[in-house]
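Below is one structure, written out as structure tokens, with a few remarks after it.
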Amino acid sequence: MQRFWVPLLVIVVGVVSVYLWADLFRFAGQPSAPALEPLGTLPAFDLIERRQVPLRLDDLRGKVWVADFMYTSCVEVCPLQSAEMARLQAGFAAHPDLRLVSISVDPERDTPAVLSAYAEKFQADPERWLFATGEPDAIVRLAREGFRLSAASYVSGEDDEDYTFIHSNRFVLVDRQGRIRGYYRSTDSDDLARLRRDLTVLLRQVAASGAASHRRR
């Protein structure tokens, strides 16, 4: 009986070793998550949130947030962006440090009341998913000079009701100091997966920083 078990044990150990080494090389070959280097710092801004309260950069300090530019009458990419924002809201519901910020590039039509009606369609939490409007020139300047995105290029048709705004479909990840940490195409599944990964990294940093501060007190 012993002569039977010894060779069998050797075979089992060999098979297990092969799998362990295979896993080792598989993970060793995968690139590590890149460092989220700051890509720029946002300037101060002064917008109006859909609840008709001011929304400034200082109001978002200490939070990790994802921004996008949209307008409520858009029928192409904007609903897709908002649907993805809704998924982020649901997927990161356990993280109170997360904010989502959707900024309208059509402030003349997207009044706080219109933004509120649009937000309700996506079940936006008013405390966590903010919809902002403001002065047209200020929004264009914020998009182009602050977020470094194209936005608010107006194309008009023959009818006053026939209009389109050309704007970036990228999400922008911002850290708690107001620094841009990443850009992500809202129509690219790989970019969206990267956004979730990077968002998780920043939220963990916030949690770790808070825990360290609590220990020092």
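Residues are named by chain letter and number: chains run A, B, ... in the order of the structure tokens, numbers start at 1 in each chain, and ligands are numbered from 1 in the order shown.
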- Message: Give me the residues near region 185-191 of chain A as number ranges by chain, where near means some atom within 8 Å (using only C-alpha atoms) and where sequence neighbours in that chain fewer than 3 positions away do not count.
- Response: A: 80-81, 84, 169-171, 194-195
Can you write out the residues you just picked, keeping N, CA and C atoms, as an mmCIF file, in the first residue's frame?
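Saved file selection_20.cif follows:
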data_model
loop_
_atom_site.group_PDB
_atom_site.id
_atom_site.type_symbol
_atom_site.label_atom_id
_atom_site.label_comp_id
_atom_site.auth_asym_id
_atom_site.auth_seq_id
_atom_site.Cartn_x
_atom_site.Cartn_y
_atom_site.Cartn_z
ATOM 1 N N LEU A 80 -26.638 58.202 -22.668
ATOM 2 C CA LEU A 80 -25.711 57.110 -22.363
ATOM 3 C C LEU A 80 -24.778 57.509 -21.228
ATOM 4 N N GLN A 81 -24.305 58.751 -21.269
ATOM 5 C CA GLN A 81 -23.453 59.236 -20.183
ATOM 6 C C GLN A 81 -24.212 59.200 -18.856
ATOM 7 N N GLU A 84 -24.644 55.787 -17.469
ATOM 8 C CA GLU A 84 -23.409 55.295 -16.862
ATOM 9 C C GLU A 84 -23.177 55.952 -15.507
ATOM 10 N N ASN A 169 -17.549 63.747 -24.689
ATOM 11 C CA ASN A 169 -18.292 62.679 -24.010
ATOM 12 C C ASN A 169 -17.440 61.989 -22.945
ATOM 13 N N ARG A 170 -16.371 62.638 -22.537
ATOM 14 C CA ARG A 170 -15.476 62.026 -21.557
ATOM 15 C C ARG A 170 -15.913 62.317 -20.123
ATOM 16 N N PHE A 171 -15.700 61.332 -19.272
ATOM 17 C CA PHE A 171 -15.815 61.545 -17.838
ATOM 18 C C PHE A 171 -14.461 62.028 -17.329
ATOM 19 N N ARG A 194 -11.561 51.149 -16.445
ATOM 20 C CA ARG A 194 -10.427 51.869 -15.854
ATOM 21 C C ARG A 194 -10.925 52.951 -14.893
ATOM 22 N N LEU A 195 -12.029 53.604 -15.251
ATOM 23 C CA LEU A 195 -12.609 54.613 -14.368
ATOM 24 C C LEU A 195 -13.001 53.987 -13.035
#
- Give me the residues within 7 Å of region 125-128 of chain A as JSON, numbers by chain, counting only C-alpha atoms and dropping any in the same chain fewer than 6 places off. {"A": [98, 99, 100]}
File of the preceding selection, N, CA and C atoms, as a short mmCIF file (atom, residue, chain, number, x, y, z; two decimals), in the first residue's frame:
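Dumped everything to out39.cif:
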data_model
loop_
_atom_site.label_atom_id
_atom_site.label_comp_id
_atom_site.auth_asym_id
_atom_site.auth_seq_id
_atom_site.Cartn_x
_atom_site.Cartn_y
_atom_site.Cartn_z
N LEU A 98 -17.99 59.96 -2.45
CA LEU A 98 -18.12 60.11 -3.90
C LEU A 98 -19.19 61.12 -4.26
N ARG A 99 -18.88 61.98 -5.24
CA ARG A 99 -19.87 62.87 -5.83
C ARG A 99 -19.81 62.71 -7.35
N LEU A 100 -20.96 62.83 -7.96
CA LEU A 100 -21.08 62.87 -9.42
C LEU A 100 -21.58 64.25 -9.79
#
- Check region 40-187 of chain A with DSSP on the backbone and list each residue it calls strand (DSSP E or B), as JSON, numbers by chain. {"A": [40, 41, 46, 47, 48, 49, 54, 55, 56, 64, 65, 66, 67, 68, 69, 70, 98, 99, 100, 101, 102, 103, 104, 129, 130, 131, 132, 133, 153, 154, 155, 156, 163, 164, 165, 166, 170, 171, 172, 173, 174, 179, 180, 181, 182, 183, 184, 185]}
Can you spit out the residues from that selection as a JSON list (two decimals), in the first residue's frame, using C-alpha atoms?
[["chain", "number", "residue", "atom", "x", "y", "z"],
["A", 40, "GLY", "CA", -3.96, 69.61, -13.73],
["A", 41, "THR", "CA", -5.76, 71.59, -11.05],
["A", 46, "ASP", "CA", -19.30, 79.37, -9.43],
["A", 47, "LEU", "CA", -22.29, 77.39, -10.74],
["A", 48, "ILE", "CA", -25.91, 76.86, -9.71],
["A", 49, "GLU", "CA", -27.01, 73.39, -8.68],
["A", 54, "PRO", "CA", -24.46, 77.63, -5.33],
["A", 55, "LEU", "CA", -21.99, 74.96, -6.41],
["A", 56, "ARG", "CA", -18.35, 75.95, -6.09],
["A", 64, "VAL", "CA", -13.67, 62.34, -4.94],
["A", 65, "TRP", "CA", -15.86, 63.21, -7.90],
["A", 66, "VAL", "CA", -16.62, 62.36, -11.50],
["A", 67, "ALA", "CA", -17.69, 65.15, -13.84],
["A", 68, "ASP", "CA", -19.28, 65.18, -17.26],
["A", 69, "PHE", "CA", -20.76, 67.77, -19.62],
["A", 70, "MET", "CA", -24.23, 67.20, -21.05],
["A", 98, "LEU", "CA", -18.12, 60.11, -3.90],
["A", 99, "ARG", "CA", -19.87, 62.87, -5.83],
["A", 100, "LEU", "CA", -21.08, 62.87, -9.42],
["A", 101, "VAL", "CA", -21.32, 66.24, -11.16],
["A", 102, "SER", "CA", -23.14, 66.75, -14.47],
["A", 103, "ILE", "CA", -22.71, 70.23, -15.95],
["A", 104, "SER", "CA", -25.09, 71.46, -18.64],
["A", 129, "TRP", "CA", -25.29, 63.36, -7.96],
["A", 130, "LEU", "CA", -25.29, 67.09, -8.66],
["A", 131, "PHE", "CA", -26.60, 68.79, -11.80],
["A", 132, "ALA", "CA", -25.26, 72.26, -12.45],
["A", 133, "THR", "CA", -25.95, 75.21, -14.70],
["A", 153, "SER", "CA", -19.83, 74.74, -29.60],
["A", 154, "TYR", "CA", -23.26, 75.71, -30.89],
["A", 155, "VAL", "CA", -24.60, 74.50, -34.23],
["A", 156, "SER", "CA", -27.95, 76.00, -35.20],
["A", 163, "TYR", "CA", -29.93, 73.13, -32.24],
["A", 164, "THR", "CA", -27.05, 70.91, -31.19],
["A", 165, "PHE", "CA", -24.23, 71.38, -28.75],
["A", 166, "ILE", "CA", -20.92, 69.75, -29.54],
["A", 170, "ARG", "CA", -15.48, 62.03, -21.56],
["A", 171, "PHE", "CA", -15.81, 61.54, -17.84],
["A", 172, "VAL", "CA", -13.26, 63.38, -15.71],
["A", 173, "LEU", "CA", -12.03, 61.99, -12.40],
["A", 174, "VAL", "CA", -11.19, 64.65, -9.80],
["A", 179, "ARG", "CA", -6.91, 67.91, -9.21],
["A", 180, "ILE", "CA", -7.77, 66.03, -12.40],
["A", 181, "ARG", "CA", -6.64, 62.41, -12.20],
["A", 182, "GLY", "CA", -8.01, 60.88, -15.39],
["A", 183, "TYR", "CA", -10.10, 61.15, -18.56],
["A", 184, "TYR", "CA", -12.38, 58.32, -19.70],
["A", 185, "ARG", "CA", -14.46, 57.95, -22.87]]
- Here CA of Glu37 (chain A) and CA of Ala143 (chain A) stand apart by 20.4 Å
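Minimum atom-to-atom distances from A:Cys74, A:Ala86, A:Ala138, A:Leu149 to Phe122 (chain A) were compared using only C-alpha atoms, and the lowest value belongs to A:Ala86.
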- Message: I need the residues of region 22-146 of chain A that end up classed as alpha helix (DSSP H) by DSSP on the backbone, written out as a PyMOL selection string.
- Response: chain A and resi 22-28+57-60+77-91+112-121+136-141
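The coordinates place CA of Val105 (chain A) at 10.7 Å from CA of Ser73 (chain A).
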Which polymer residues have any atom within 9 Å of an atom of region 200-205 of chain A, counting only C-alpha atoms, with same-chain residues fewer than 6 positions away left out, as a PDB file with C-alpha atoms, in the first residue's frame?
ATOM      1  CA  LEU A  36      -2.734  58.343 -10.840  1.00  0.00           C
ATOM      2  CA  LYS A  63     -14.646  64.526  -2.037  1.00  0.00           C
ATOM      3  CA  VAL A  64     -13.672  62.336  -4.941  1.00  0.00           C
ATOM      4  CA  PHE A  92     -20.413  53.018  -5.311  1.00  0.00           C
ATOM      5  CA  HIS A  95     -18.869  55.363  -0.490  1.00  0.00           C
ATOM      6  CA  ASP A  97     -17.021  60.479  -0.254  1.00  0.00           C
ATOM      7  CA  LEU A  98     -18.115  60.107  -3.896  1.00  0.00           C
ATOM      8  CA  ASP A 175      -9.543  64.068  -6.436  1.00  0.00           C
ATOM      9  CA  ARG A 176     -10.355  65.706  -3.111  1.00  0.00           C
TER      10      ARG A 176
END
- Name all residues at most 8 Å from Thr72 (chain A) (count only C-alpha atoms; drop same-chain ones fewer than 5 positions away) and give them as a list of chain:residue names. A:Cys78, A:Ser104, A:Asp110, A:Val114, A:Leu115, A:Tyr118
- Query: Restricting the calculation to only C-alpha atoms, which member of A:Ala44, A:Arg197, A:Pro38, A:Arg51 is positioned closest to Ala113 (chain A)?
  - Reply: A:Arg51
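Of the residues listed (A:Lys121, A:Leu42, A:Ala193, A:Pro112), A:Leu42 shows the shortest atom-to-atom separation from Arg61 (chain A); distances use only C-alpha atoms.
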- Task: Rank A:Arg109, A:Gly134, A:Val77, A:Glu120 by their smallest atom-to-atom distance to Val53 (chain A), using only C-alpha atoms, and report the top residue only.
- Result: A:Gly134
- Task: Write out as a VMD selection string each polymer residue whose atoms come within 12 Å of Gln123 (chain A), counting only C-alpha atoms; drop sequence neighbours fewer than 6 positions from it.
- Result: chain A and resid 82 to 83 85 to 87 89 to 90 116 to 117 129 to 130
